[in-house]
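Enquirer: Hey, dropping model-v8.cif in here, mmCIF, C-alpha atoms and all ligand atoms:
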data_protein
#
loop_
_atom_site.label_atom_id
_atom_site.label_comp_id
_atom_site.auth_asym_id
_atom_site.auth_seq_id
_atom_site.Cartn_x
_atom_site.Cartn_y
_atom_site.Cartn_z
CA MET A 27 17.00 12.88 20.35
CA VAL A 28 13.21 13.18 20.47
CA ARG A 29 11.56 11.15 17.74
CA MET A 30 8.08 11.38 16.27
CA ASN A 31 5.53 9.63 18.50
CA ASN A 32 8.14 9.75 21.27
CA ARG A 33 9.70 6.57 19.97
CA ALA A 34 12.84 5.27 21.65
CA ASP A 35 15.83 4.85 19.33
CA ASN A 36 15.12 1.16 18.84
CA ASP A 37 11.30 1.40 18.65
CA LEU A 38 9.67 0.43 15.38
CA ARG A 39 6.52 1.91 13.92
CA PRO A 40 3.42 -0.27 14.42
CA VAL A 41 2.70 -2.90 11.80
CA GLN A 42 -0.68 -3.78 10.39
CA VAL A 43 -1.12 -6.74 8.04
CA THR A 44 -4.27 -7.50 6.10
CA TRP A 45 -3.88 -11.16 5.19
CA ARG A 46 -5.48 -12.49 1.98
CA PHE A 47 -6.18 -8.89 0.99
CA LEU A 48 -7.23 -9.76 -2.58
CA LYS A 49 -10.22 -12.10 -2.85
CA GLN A 50 -9.06 -13.59 -6.18
CA GLN A 51 -5.47 -14.17 -5.01
CA PRO A 52 -5.21 -16.13 -1.78
CA ALA A 53 -1.48 -15.42 -1.31
CA SER A 54 -1.81 -11.66 -1.01
CA VAL A 55 -1.28 -9.15 1.79
CA LEU A 56 -1.51 -5.47 2.45
CA TRP A 57 1.47 -4.64 4.68
CA GLN A 58 1.50 -1.29 6.49
CA ARG A 59 4.23 0.04 8.71
CA GLY A 60 3.52 3.59 9.83
CA ASP A 61 2.59 5.42 6.63
CA THR A 62 4.37 2.98 4.34
CA LYS A 63 1.88 0.75 2.54
CA VAL A 64 2.78 -2.13 0.25
CA LEU A 65 0.54 -4.63 -1.49
CA ALA A 66 2.14 -7.97 -2.40
CA ALA A 67 0.63 -10.92 -4.25
CA VAL A 68 2.22 -14.24 -5.14
CA GLN A 69 0.85 -16.59 -7.74
CA PRO A 70 2.21 -20.09 -8.43
CA THR A 71 2.93 -20.49 -12.16
CA GLU A 72 4.31 -23.02 -14.59
CA GLY A 73 7.21 -20.82 -15.66
CA SER A 74 10.23 -19.36 -13.88
CA LEU A 75 10.42 -16.62 -11.25
CA GLN A 76 8.99 -13.29 -12.27
CA VAL A 77 8.97 -10.24 -10.01
CA ASN A 78 6.86 -7.27 -11.11
CA GLY A 79 6.89 -3.90 -9.40
CA ASN A 80 4.50 -0.97 -9.42
CA GLY A 81 5.53 2.41 -8.06
CA ILE A 82 9.09 1.29 -7.30
CA THR A 83 12.40 1.84 -9.07
CA ALA A 84 14.17 -0.70 -11.28
CA HIS A 85 16.97 -0.80 -8.71
CA GLN A 86 14.55 -1.61 -5.86
CA LEU A 87 12.95 -4.32 -7.95
CA GLU A 88 16.29 -5.90 -8.78
CA TRP A 89 17.37 -5.83 -5.12
CA LEU A 90 14.12 -7.48 -4.13
CA GLN A 91 14.49 -10.24 -6.67
CA THR A 92 18.10 -10.97 -5.67
CA THR A 93 17.25 -10.97 -1.97
CA LEU A 94 14.20 -13.20 -2.30
CA ARG A 95 15.69 -15.82 -4.57
CA PRO A 96 17.68 -17.83 -1.97
CA LEU A 97 14.62 -17.97 0.31
CA LEU A 98 12.23 -19.48 -2.21
CA ALA A 99 11.24 -23.14 -2.07
CA THR A 100 10.22 -22.91 -5.73
CA GLU A 101 10.96 -20.43 -8.51
CA ALA A 102 7.71 -21.20 -10.32
CA LEU A 103 6.13 -18.01 -9.00
CA THR A 104 4.93 -14.64 -10.20
CA ILE A 105 5.37 -12.00 -7.52
CA THR A 106 3.72 -8.61 -7.88
CA VAL A 107 4.60 -5.87 -5.45
CA THR A 108 2.94 -2.46 -5.42
CA CYS A 109 4.01 0.55 -3.38
CA LEU A 110 0.87 2.43 -2.36
CA GLU A 111 2.70 4.97 -0.18
CA ASP A 112 6.32 5.48 0.80
CA GLY A 113 6.36 6.79 4.35
CA GLY A 114 9.96 5.71 5.00
CA GLY A 115 11.87 2.41 4.99
CA LEU A 116 10.30 1.35 1.71
CA LEU A 117 12.93 -1.19 0.66
CA ALA A 118 12.55 -3.17 3.90
CA GLU A 119 8.76 -3.05 3.73
CA LEU A 120 8.75 -4.30 0.13
CA PHE A 121 10.57 -7.36 1.40
CA ASN A 122 8.29 -7.82 4.43
CA ALA A 123 5.14 -7.58 2.31
CA VAL A 124 6.35 -10.20 -0.18
CA TYR A 125 7.59 -12.44 2.60
CA CYS A 126 4.14 -12.40 4.25
CA ALA A 127 2.45 -13.24 0.94
CA LEU A 128 4.86 -16.19 0.51
CA THR A 129 3.80 -17.60 3.89
CA LEU A 130 0.25 -17.89 2.54
CA LEU A 131 1.29 -20.32 -0.21
CA PRO A 132 0.33 -23.98 0.25
CA LYS A 133 2.53 -26.15 2.48
CA GLY A 134 5.98 -26.79 1.00
CA LYS A 135 5.81 -23.79 -1.33
CA GLY A 136 6.34 -21.07 1.29
CA PRO A 137 9.71 -19.51 2.21
CA LYS A 138 12.50 -21.93 3.17
CA GLN A 139 13.72 -19.75 5.99
CA VAL A 140 12.26 -17.25 8.44
CA ALA A 141 13.39 -13.72 7.62
CA ALA A 142 12.40 -10.10 8.15
CA ALA A 143 13.67 -6.71 7.03
CA VAL A 144 14.17 -3.37 8.70
CA THR A 145 15.94 -0.08 8.06
CA ALA A 146 18.23 1.74 10.48
CA ALA A 147 19.37 5.34 9.96
CA MET A 148 22.16 7.55 11.25
CA VAL A 149 20.54 10.89 12.13
CA ALA A 150 22.55 13.64 13.83
CA GLY A 151 25.10 11.09 14.98
CA GLU A 152 22.55 8.68 16.48
CA SER A 153 21.37 5.38 15.11
CA LEU A 154 17.58 5.03 14.86
CA GLY A 155 15.57 1.91 14.12
CA ASP A 156 12.93 2.07 11.39
CA PRO A 157 13.10 5.76 10.35
CA ASP A 158 9.93 7.41 9.08
CA ALA A 159 9.96 9.65 5.98
CA ALA A 160 11.13 12.80 7.82
CA GLU A 161 13.92 10.95 9.61
CA SER A 162 15.02 9.30 6.37
CA ASP A 163 15.34 12.74 4.77
CA LEU A 164 17.62 13.86 7.61
CA ALA A 165 19.69 10.66 7.65
CA THR A 166 23.37 10.86 6.73
CA SER A 167 23.41 7.12 6.15
CA LEU A 168 20.92 4.25 6.08
CA VAL A 169 21.16 0.49 6.26
CA THR A 170 18.45 -1.90 5.14
CA MET A 171 18.97 -5.37 6.56
CA VAL A 172 17.28 -8.66 5.82
CA ALA A 173 18.11 -11.31 8.41
CA THR A 174 16.86 -14.38 10.23
CA PRO A 175 15.70 -14.14 13.86
CA GLN A 176 19.00 -15.92 14.69
CA GLU A 177 20.85 -12.86 13.31
CA GLN A 178 22.07 -14.53 10.14
CA ILE A 179 22.29 -11.67 7.66
CA ILE A 180 20.78 -12.41 4.24
CA ALA A 181 21.12 -8.99 2.60
CA LEU A 182 22.44 -5.53 3.41
CA GLU A 183 21.87 -2.36 1.42
CA LEU A 184 23.71 0.83 2.30
CA GLY A 185 22.31 4.24 1.40
CA GLY A 186 22.38 7.92 2.36
CA GLN A 187 24.46 10.94 1.41
CA GLN A 188 27.61 10.29 3.41
CA ALA A 189 30.13 7.55 3.90
CA VAL A 190 29.92 5.74 7.24
CA ASN A 191 32.90 4.93 9.40
CA SER A 192 33.17 1.47 10.87
CA SER A 193 31.92 2.36 14.35
CA GLU A 194 28.80 3.99 12.87
CA PHE A 195 28.37 1.01 10.63
CA ASN A 196 28.50 -1.35 13.61
CA GLU A 197 25.95 0.75 15.42
CA LEU A 198 23.60 0.66 12.43
CA ILE A 199 23.96 -3.10 12.15
CA LEU A 200 23.18 -3.56 15.83
CA ARG A 201 20.11 -1.33 15.59
CA ALA A 202 18.90 -3.11 12.47
CA SER A 203 19.32 -6.57 13.90
CA GLN A 204 17.24 -5.61 16.97
CA GLY A 205 14.61 -4.40 14.52
CA VAL A 206 14.64 -7.64 12.54
CA THR A 207 13.86 -9.71 15.63
CA ARG A 208 11.05 -7.35 16.59
CA THR A 209 9.63 -7.30 13.05
CA ASN A 210 9.58 -11.05 12.97
CA ASP A 211 7.61 -11.10 16.24
CA GLN A 212 5.16 -8.49 14.88
CA ARG A 213 4.53 -10.56 11.77
CA GLN A 214 4.21 -13.83 13.64
CA ALA A 215 1.73 -12.36 16.14
CA SER A 216 -0.44 -11.01 13.36
CA PHE A 217 -0.30 -14.32 11.47
CA GLU A 218 -1.38 -16.28 14.52
CA ARG A 219 -4.17 -13.82 15.25
CA ALA A 220 -5.59 -13.79 11.74
CA VAL A 221 -4.50 -16.87 9.81
CA GLN A 222 -3.12 -19.80 11.74
CA PRO A 223 -3.60 -19.69 15.50
CA ASN A 224 -1.06 -21.61 17.51
CA ILE A 225 -3.65 -23.56 19.46
CA GLN A 226 -2.64 -26.23 21.91
CA VAL A 227 -5.13 -29.05 21.59
CA ALA A 228 -5.38 -30.75 24.98
CA ASP A 229 -4.26 -34.37 24.91
CA THR A 230 -6.96 -36.74 26.08
CA ASP A 231 -7.47 -40.45 25.80
CA GLU A 232 -10.92 -39.85 24.46
CA GLN A 233 -11.35 -39.28 20.77
CA THR A 234 -12.34 -35.69 20.04
CA ILE A 235 -14.48 -34.35 17.23
CA VAL A 236 -14.95 -30.65 16.67
CA ILE A 237 -18.35 -29.43 15.52
CA ALA A 238 -17.66 -26.33 13.45
CA THR A 239 -20.47 -24.26 14.88
CA LYS A 240 -20.95 -21.41 17.30
CA ASN A 241 -24.64 -22.24 17.53
CA PRO A 242 -25.23 -23.97 20.90
CA GLY A 243 -28.62 -25.23 19.65
CA LYS A 244 -26.95 -27.19 16.88
CA ALA A 245 -24.21 -28.44 19.18
CA ARG A 246 -26.77 -29.89 21.63
CA GLU A 247 -28.34 -31.90 18.82
CA PHE A 248 -25.00 -33.39 17.78
CA GLU A 249 -23.88 -34.10 21.33
CA SER A 250 -26.37 -36.91 21.85
CA VAL A 251 -25.20 -38.73 18.71
CA PHE A 252 -21.51 -38.87 19.55
CA ALA A 253 -21.82 -39.16 23.34
CA ALA A 254 -23.29 -42.63 22.81
CA GLU A 255 -20.00 -43.62 21.14
CA GLY A 256 -17.81 -42.26 23.94
CA ILE A 257 -16.54 -39.45 21.71
CA GLN A 258 -15.93 -36.04 23.17
CA ILE A 259 -17.43 -33.07 21.35
CA LYS A 260 -15.94 -29.61 21.14
CA THR A 261 -17.39 -26.60 19.33
CA LEU A 262 -15.90 -23.38 18.00
CA LEU A 263 -16.82 -21.82 21.34
CA ASP A 264 -13.99 -23.94 22.83
CA TYR A 265 -11.47 -22.33 20.45
CA PRO A 266 -12.08 -18.57 20.60
CA GLU A 267 -8.68 -17.93 18.94
CA LEU A 268 -9.84 -19.47 15.65
CA PRO A 269 -10.25 -17.05 12.75
CA ASN A 270 -13.78 -16.45 11.56
CA ILE A 271 -14.54 -18.50 8.45
CA ASP A 272 -16.63 -16.49 6.02
CA GLU A 273 -19.49 -18.47 4.49
CA THR A 274 -18.82 -17.24 0.96
CA GLY A 275 -20.01 -20.35 -0.89
CA SER A 276 -23.06 -20.40 -3.12
CA THR A 277 -24.43 -23.72 -1.85
CA PHE A 278 -24.94 -25.35 1.56
CA GLU A 279 -22.23 -27.87 0.68
CA GLU A 280 -19.67 -25.23 -0.28
CA ASN A 281 -20.25 -23.38 2.99
CA ALA A 282 -20.01 -26.53 5.09
CA ARG A 283 -16.81 -27.54 3.27
CA LEU A 284 -15.23 -24.12 3.86
CA LYS A 285 -15.84 -24.46 7.59
CA ALA A 286 -14.87 -28.15 7.90
CA ASP A 287 -11.69 -28.10 5.77
CA GLN A 288 -10.21 -24.89 7.12
CA ILE A 289 -10.78 -25.73 10.77
CA ALA A 290 -9.56 -29.33 10.40
CA ALA A 291 -6.37 -27.96 8.86
CA ILE A 292 -5.81 -25.64 11.79
CA LEU A 293 -6.75 -27.92 14.70
CA HIS A 294 -5.53 -31.22 13.22
CA LEU A 295 -8.69 -32.89 14.44
CA PRO A 296 -11.70 -34.32 12.60
CA VAL A 297 -14.22 -31.54 12.07
CA LEU A 298 -17.93 -31.82 11.31
CA ALA A 299 -19.54 -28.72 9.82
CA ASP A 300 -23.21 -28.10 9.30
CA ASP A 301 -24.76 -25.58 6.99
CA SER A 302 -28.52 -25.38 7.23
CA GLY A 303 -31.35 -23.23 6.09
CA LEU A 304 -35.01 -22.83 5.47
CA MET A 305 -36.43 -22.91 1.94
CA VAL A 306 -39.92 -21.46 1.62
CA ASP A 307 -41.75 -22.45 -1.57
CA GLU A 308 -43.77 -19.24 -1.85
CA LEU A 309 -40.50 -17.25 -1.62
CA GLY A 310 -38.84 -19.22 -4.42
CA GLY A 311 -36.65 -21.15 -1.97
CA ARG A 312 -35.50 -18.15 0.04
CA PRO A 313 -33.91 -17.52 2.52
CA GLY A 314 -31.95 -20.74 1.71
CA ILE A 315 -28.22 -20.31 2.28
CA TYR A 316 -28.91 -16.81 3.58
CA SER A 317 -31.15 -18.05 6.42
CA ALA A 318 -28.82 -16.95 9.20
CA ARG A 319 -28.73 -13.34 8.06
CA PHE A 320 -32.19 -13.07 6.51
CA SER A 321 -33.05 -9.89 8.44
CA GLY A 322 -29.61 -8.31 8.03
CA ASP A 323 -27.86 -9.79 11.01
CA HIS A 324 -27.76 -13.08 12.84
CA ASN A 325 -30.78 -12.64 15.06
CA ASP A 326 -33.48 -15.31 15.45
CA ALA A 327 -36.25 -12.88 16.43
CA GLY A 328 -35.46 -10.54 13.54
CA ASN A 329 -35.30 -13.42 11.05
CA ASN A 330 -38.65 -14.80 12.20
CA ALA A 331 -40.26 -11.34 12.03
CA LYS A 332 -38.98 -10.87 8.47
CA LEU A 333 -40.31 -14.29 7.47
CA LEU A 334 -43.77 -13.51 8.85
CA TYR A 335 -43.73 -10.15 7.10
CA GLU A 336 -42.80 -11.63 3.72
CA LEU A 337 -45.59 -14.19 4.02
CA THR A 338 -48.26 -11.65 4.96
CA GLY A 339 -51.59 -12.67 3.44
CA VAL A 340 -50.30 -16.00 2.09
CA PRO A 341 -52.88 -18.72 2.97
CA ALA A 342 -51.87 -21.75 5.07
CA GLU A 343 -51.82 -24.27 2.21
CA LYS A 344 -49.28 -22.14 0.32
CA ARG A 345 -46.92 -21.68 3.27
CA THR A 346 -45.03 -24.92 2.65
CA ALA A 347 -41.31 -25.05 3.39
CA THR A 348 -38.31 -27.37 3.72
CA PHE A 349 -35.62 -27.31 6.37
CA HIS A 350 -32.32 -28.48 4.90
CA THR A 351 -28.96 -29.54 6.36
CA THR A 352 -25.76 -30.46 4.61
CA LEU A 353 -23.07 -32.01 6.81
CA VAL A 354 -19.43 -32.16 5.80
CA PHE A 355 -17.05 -34.24 7.90
CA ALA A 356 -13.35 -33.46 7.25
CA LYS A 357 -10.19 -35.23 8.34
CA PRO A 358 -7.09 -33.11 8.96
CA ASP A 359 -4.99 -32.51 5.84
CA ARG A 360 -7.16 -34.79 3.66
CA PRO A 361 -9.70 -32.46 2.04
CA ASP A 362 -10.23 -34.93 -0.83
CA GLU A 363 -11.82 -37.43 1.53
CA ASP A 364 -14.60 -35.26 2.94
CA LEU A 365 -17.77 -37.13 3.85
CA VAL A 366 -20.89 -35.27 2.68
CA VAL A 367 -24.50 -36.08 3.66
CA GLU A 368 -27.84 -34.25 3.58
CA GLY A 369 -31.18 -34.24 5.32
CA ASN A 370 -34.54 -32.53 4.76
CA VAL A 371 -37.83 -32.15 6.58
CA LYS A 372 -41.02 -30.68 5.16
CA GLY A 373 -43.43 -28.47 7.04
CA GLN A 374 -45.44 -25.27 7.05
CA ILE A 375 -44.72 -21.76 8.21
CA LEU A 376 -47.31 -20.68 10.80
CA GLY A 377 -48.64 -17.14 11.16
CA ILE A 378 -47.91 -17.03 14.89
CA PRO A 379 -44.90 -18.59 16.68
CA ARG A 380 -45.52 -21.54 19.03
CA GLY A 381 -43.27 -23.21 21.59
CA ASP A 382 -40.08 -22.31 23.49
CA ASN A 383 -37.70 -25.13 22.67
CA GLY A 384 -35.19 -25.38 19.83
CA PHE A 385 -33.76 -22.29 18.16
CA GLY A 386 -33.84 -20.26 14.97
CA TYR A 387 -36.96 -20.74 12.88
CA ASP A 388 -38.28 -23.61 15.06
CA PRO A 389 -41.27 -21.71 16.57
CA LEU A 390 -42.68 -21.01 13.09
CA PHE A 391 -41.96 -24.39 11.53
CA TYR A 392 -45.02 -26.62 11.87
CA VAL A 393 -44.70 -30.36 11.30
CA PRO A 394 -48.17 -31.68 10.28
CA GLU A 395 -47.53 -35.33 11.26
CA LEU A 396 -46.80 -34.34 14.85
CA ASP A 397 -49.28 -31.47 14.97
CA ALA A 398 -46.55 -29.33 16.58
CA THR A 399 -43.90 -26.80 15.72
CA MET A 400 -40.27 -27.82 16.09
CA ALA A 401 -40.13 -25.53 19.12
CA GLN A 402 -42.88 -27.56 20.81
CA LEU A 403 -40.79 -30.72 20.60
CA THR A 404 -38.21 -31.89 23.14
CA VAL A 405 -34.62 -32.29 21.91
CA GLU A 406 -35.22 -36.06 21.79
CA GLN A 407 -38.36 -35.61 19.67
CA LYS A 408 -36.73 -33.09 17.36
CA ASN A 409 -33.75 -35.42 17.01
CA LYS A 410 -36.01 -38.06 15.53
CA ILE A 411 -37.55 -36.01 12.75
CA SER A 412 -35.49 -32.91 11.98
CA HIS A 413 -33.44 -32.18 8.86
CA ARG A 414 -30.31 -32.45 11.00
CA ALA A 415 -31.49 -35.78 12.44
CA LYS A 416 -32.01 -37.14 8.91
CA ALA A 417 -28.58 -35.95 7.87
CA ILE A 418 -27.06 -37.53 10.98
CA GLU A 419 -28.86 -40.80 10.15
CA ASN A 420 -27.22 -40.73 6.75
CA LEU A 421 -23.92 -39.99 8.42
CA GLU A 422 -24.33 -42.82 10.90
CA ASP A 423 -24.06 -45.52 8.26
CA LYS A 424 -20.75 -44.11 7.09
CA TRP A 425 -18.76 -42.15 9.62
CA LYS A 426 -17.42 -44.95 11.83
CA GLU A 427 -15.73 -46.65 8.89
CA TRP A 428 -14.64 -43.33 7.40
CA ILE A 429 -12.99 -42.03 10.56
CA LYS A 430 -10.93 -45.23 11.06
CA ASP A 431 -8.61 -44.84 8.08
O1 LIG A 501 -22.69 -21.27 11.06
P1 LIG A 501 -22.93 -21.83 12.43
O2 LIG A 501 -22.02 -21.28 13.49
O3 LIG A 501 -22.99 -23.32 12.45
O4 LIG A 501 -24.41 -21.43 12.92
P2 LIG A 501 -25.51 -20.63 12.15
O5 LIG A 501 -26.63 -20.40 13.15
O6 LIG A 501 -24.94 -19.46 11.45
O7 LIG A 501 -26.04 -21.71 11.14
P3 LIG A 501 -26.22 -21.68 9.56
O8 LIG A 501 -25.13 -20.93 8.90
O9 LIG A 501 -26.40 -23.10 9.19
O10 LIG A 501 -27.54 -20.86 9.39
C1 LIG A 501 -28.77 -21.47 9.41
C2 LIG A 501 -29.89 -20.56 9.80
O11 LIG A 501 -31.03 -21.40 9.90
C3 LIG A 501 -31.42 -21.56 11.24
N1 LIG A 501 -31.50 -22.98 11.56
C4 LIG A 501 -30.59 -23.95 11.27
N2 LIG A 501 -30.97 -25.13 11.79
C5 LIG A 501 -32.13 -24.90 12.41
C6 LIG A 501 -33.02 -25.71 13.16
O12 LIG A 501 -32.75 -26.97 13.40
N3 LIG A 501 -34.11 -25.14 13.64
C7 LIG A 501 -34.38 -23.86 13.43
N4 LIG A 501 -33.60 -23.01 12.77
C8 LIG A 501 -32.49 -23.52 12.26
C9 LIG A 501 -30.33 -20.92 12.11
O13 LIG A 501 -30.89 -20.31 13.26
C10 LIG A 501 -29.72 -19.92 11.19
O14 LIG A 501 -30.48 -18.72 11.24
MG MG A 502 -23.58 -19.56 9.80
#
Represent the supplied structure as structure tokens.
Expert:
Amino acid sequence: MVRMNNRADNDLRPVQVTWRFLKQQPASVLWQRGDTKVLAAVQPTEGSLQVNGNGITAHQLEWLQTTLRPLLATEALTITVTCLEDGGGLLAELFNAVYCALTLLPKGKGPKQVAAAVTAAMVAGESLGDPDAAESDLATSLVTMVATPQEQIIALELGGQQAVNSSEFNELILRASQGVTRTNDQRQASFERAVQPNIQVADTDEQTIVIATKNPGKAREFESVFAAEGIQIKTLLDYPELPNIDETGSTFEENARLKADQIAAILHLPVLADDSGLMVDELGGRPGIYSARFSGDHNDAGNNAKLLYELTGVPAEKRTATFHTTLVFAKPDRPDEDLVVEGNVKGQILGIPRGDNGFGYDPLFYVPELDATMAQLTVEQKNKISHRAKAIENLEDKWKEWIKD
């Protein structure tokens, strides 16, 4: 039988998962398989299990609740599941969507067991994995199966217009259990790509600290501090599989914490994150936390050009500015013990860039005491006076004790 998209009998439709789909609800996903789209959100509560459905029948909702219950580590949850489009196999995809949302709950609250769901259909005497809407309409019988990857069946729902005989039934079960294994792989691959990469951290005798930055200029400045202690430094450039951490905080500290905590949790290593920026007095403290994307995207030349433009006609004595750094050092799985320090340096924004060293706003940032811009200093010189250097000095008094326990 020729299927849509030339699928083989056991081929599933592609899956696309948007993890943490709702900003306000961290345990939420948009799950799409073919044209079937389901939004699921899970919220820990004080009360007992509540499952709410939108766009699904009372029977589907009841099935979902009964199927999920034995898998839950806690019943203090409100689960909301919304069918956005039924393009076939809806019952199975309701389960898969909720299951994915459950995996986003904090450690210990997620599902107790690995499970996935898929539908198989008997169409014109042949068993097909994961029927789309047209195939479902033609199906004489359908089976929706929830099972573990070890083929332990958790739930089975039989549907369709005709009774099945036992050999057809066996065929449907076989087809469905192939689909469950495949679905589990699809979900796992997407999770590792987007949420929790399965990164092997190389074992070394040396102690390793990860600097949560992709900015090689920053990394160079940190290197000299830790190298002296025999500590090996890695940066985010060493872990390209890591998800991008959005800097959605409203302060330097919030942004640095986001980076440090999330990456420490993934890599199980101590992580030092830096959030820095330039605050120009005449611009009311702007660009501040938006320094990296001042000109729209992360481009040093563009940012410097925008800064010069905004300060057009402003006389030298009014072009005062502060470079700021907040550092957050995080230990794996202990976000309450973050070490937070700051550093500042005052200077002036020139009208014309000077010097080729450093990075970012360095060529425009003039330091009166040294009669030079930061870009005219060597790394060693910059490391004595910069905002980052001051923050590191503040860190130096504390980090060796902090990292021990
Ligand atoms: O987030 P990461 O990957 O660490 O790197 P980033 O370059 O995005 O760093 P920030 O979010 O801290 O953005 C700070 C902006 O300020 C600039 N900046 C930070 N420290 C600087 C320094 O020491 N000298 C010059 N410009 C600096 C930098 O180029 C960015 O445009
Ligand atoms: Mg940044």
Enquirer: What residues have any atom no more than 8 Å from ligand MG 502 (chain A) when counting only C-alpha atoms and all ligand atoms, and can you list them as a JSON list (two decimals) with C-alpha atoms, in the frame of the given file?
Expert:
[["chain", "number", "residue", "atom", "x", "y", "z"],
["A", 239, "THR", "CA", -20.47, -24.26, 14.88],
["A", 273, "GLU", "CA", -19.49, -18.47, 4.49],
["A", 301, "ASP", "CA", -24.76, -25.58, 6.99],
["A", 318, "ALA", "CA", -28.82, -16.95, 9.20]]
Enquirer: Do a neighbour search on region 49-54 of chain A at 7 Å with only C-alpha atoms, toss out local chain neighbours closer than 2 positions, and write the hits as a PyMOL selection string.
Expert: chain A and resi 45-47+66-69+127-128+130-131
Enquirer: Using all atoms listed in the file, can you tell me which of A:Val55, A:Leu200, A:Ala356, A:Leu337 comes closest to Asn36 (chain A)?
Expert: A:Leu200
Enquirer: Using Å and a single decimal, report how far CA of Asp388 (chain A) sits from CA of Gly339 (chain A).
Expert: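 These atoms are spaced 20.8 Å apart.
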Enquirer: When distances are computed from only C-alpha atoms, which of A:Leu396, A:Gly328, A:Ser302, A:Ala142 shows the smallest separation from His350 (chain A)?
Expert: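 Nearest candidate to His350 (chain A) out of A:Leu396, A:Gly328, A:Ser302, A:Ala142: A:Ser302.
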Enquirer: May I ask you to write as an mmCIF file with C-alpha atoms, in the coordinates of the input all residues lying at most 8 Å from ligand LIG 501 (chain A), with all atoms listed in the file counted?
Expert:
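What ended up in result.cif:
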data_model
loop_
_atom_site.group_PDB
_atom_site.id
_atom_site.type_symbol
_atom_site.label_atom_id
_atom_site.label_comp_id
_atom_site.auth_asym_id
_atom_site.auth_seq_id
_atom_site.Cartn_x
_atom_site.Cartn_y
_atom_site.Cartn_z
ATOM 1 C CA ALA A 238 -17.660 -26.330 13.450
ATOM 2 C CA THR A 239 -20.470 -24.260 14.880
ATOM 3 C CA LYS A 240 -20.950 -21.410 17.300
ATOM 4 C CA ASN A 241 -24.640 -22.240 17.530
ATOM 5 C CA GLY A 243 -28.620 -25.230 19.650
ATOM 6 C CA LYS A 244 -26.950 -27.190 16.880
ATOM 7 C CA LEU A 262 -15.900 -23.380 18.000
ATOM 8 C CA GLU A 273 -19.490 -18.470 4.490
ATOM 9 C CA ALA A 299 -19.540 -28.720 9.820
ATOM 10 C CA ASP A 300 -23.210 -28.100 9.300
ATOM 11 C CA ASP A 301 -24.760 -25.580 6.990
ATOM 12 C CA SER A 302 -28.520 -25.380 7.230
ATOM 13 C CA GLY A 303 -31.350 -23.230 6.090
ATOM 14 C CA LEU A 304 -35.010 -22.830 5.470
ATOM 15 C CA ILE A 315 -28.220 -20.310 2.280
ATOM 16 C CA TYR A 316 -28.910 -16.810 3.580
ATOM 17 C CA SER A 317 -31.150 -18.050 6.420
ATOM 18 C CA ALA A 318 -28.820 -16.950 9.200
ATOM 19 C CA ARG A 319 -28.730 -13.340 8.060
ATOM 20 C CA PHE A 320 -32.190 -13.070 6.510
ATOM 21 C CA HIS A 324 -27.760 -13.080 12.840
ATOM 22 C CA ASN A 325 -30.780 -12.640 15.060
ATOM 23 C CA ASP A 326 -33.480 -15.310 15.450
ATOM 24 C CA ASN A 329 -35.300 -13.420 11.050
ATOM 25 C CA PHE A 349 -35.620 -27.310 6.370
ATOM 26 C CA HIS A 350 -32.320 -28.480 4.900
ATOM 27 C CA THR A 351 -28.960 -29.540 6.360
ATOM 28 C CA GLY A 384 -35.190 -25.380 19.830
ATOM 29 C CA PHE A 385 -33.760 -22.290 18.160
ATOM 30 C CA GLY A 386 -33.840 -20.260 14.970
ATOM 31 C CA TYR A 387 -36.960 -20.740 12.880
ATOM 32 C CA ASP A 388 -38.280 -23.610 15.060
ATOM 33 C CA PRO A 389 -41.270 -21.710 16.570
ATOM 34 C CA PHE A 391 -41.960 -24.390 11.530
ATOM 35 C CA MET A 400 -40.270 -27.820 16.090
ATOM 36 C CA SER A 412 -35.490 -32.910 11.980
ATOM 37 C CA HIS A 413 -33.440 -32.180 8.860
ATOM 38 C CA ARG A 414 -30.310 -32.450 11.000
#
Enquirer: Report the distance between CA of Thr71 (chain A) and CA of Ala102 (chain A) in Å, rounded to one decimal place.
Expert: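 Going from CA of Thr71 (chain A) over to CA of Ala102 (chain A), I get 5.2 Å.
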Enquirer: Hey, what's within 9 Å of Phe121 (chain A) if we count only C-alpha atoms and toss same-chain stuff fewer than 5 positions away? As a list of chain:residue names, please?
Expert: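 Using only C-alpha atoms, the neighbours found are A:Leu90, A:Thr93, A:Leu94, A:Leu116, A:Cys126, A:Ala142, A:Ala143, A:Val172.
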Enquirer: Please, could you write that set of residues out with C-alpha atoms as a JSON list (two decimals), in the coordinates of the input?
Expert:
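Final file, part-v6.json:
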[["chain", "number", "residue", "atom", "x", "y", "z"],
["A", 90, "LEU", "CA", 14.12, -7.48, -4.13],
["A", 93, "THR", "CA", 17.25, -10.97, -1.97],
["A", 94, "LEU", "CA", 14.20, -13.20, -2.30],
["A", 116, "LEU", "CA", 10.30, 1.35, 1.71],
["A", 126, "CYS", "CA", 4.14, -12.40, 4.25],
["A", 142, "ALA", "CA", 12.40, -10.10, 8.15],
["A", 143, "ALA", "CA", 13.67, -6.71, 7.03],
["A", 172, "VAL", "CA", 17.28, -8.66, 5.82]]
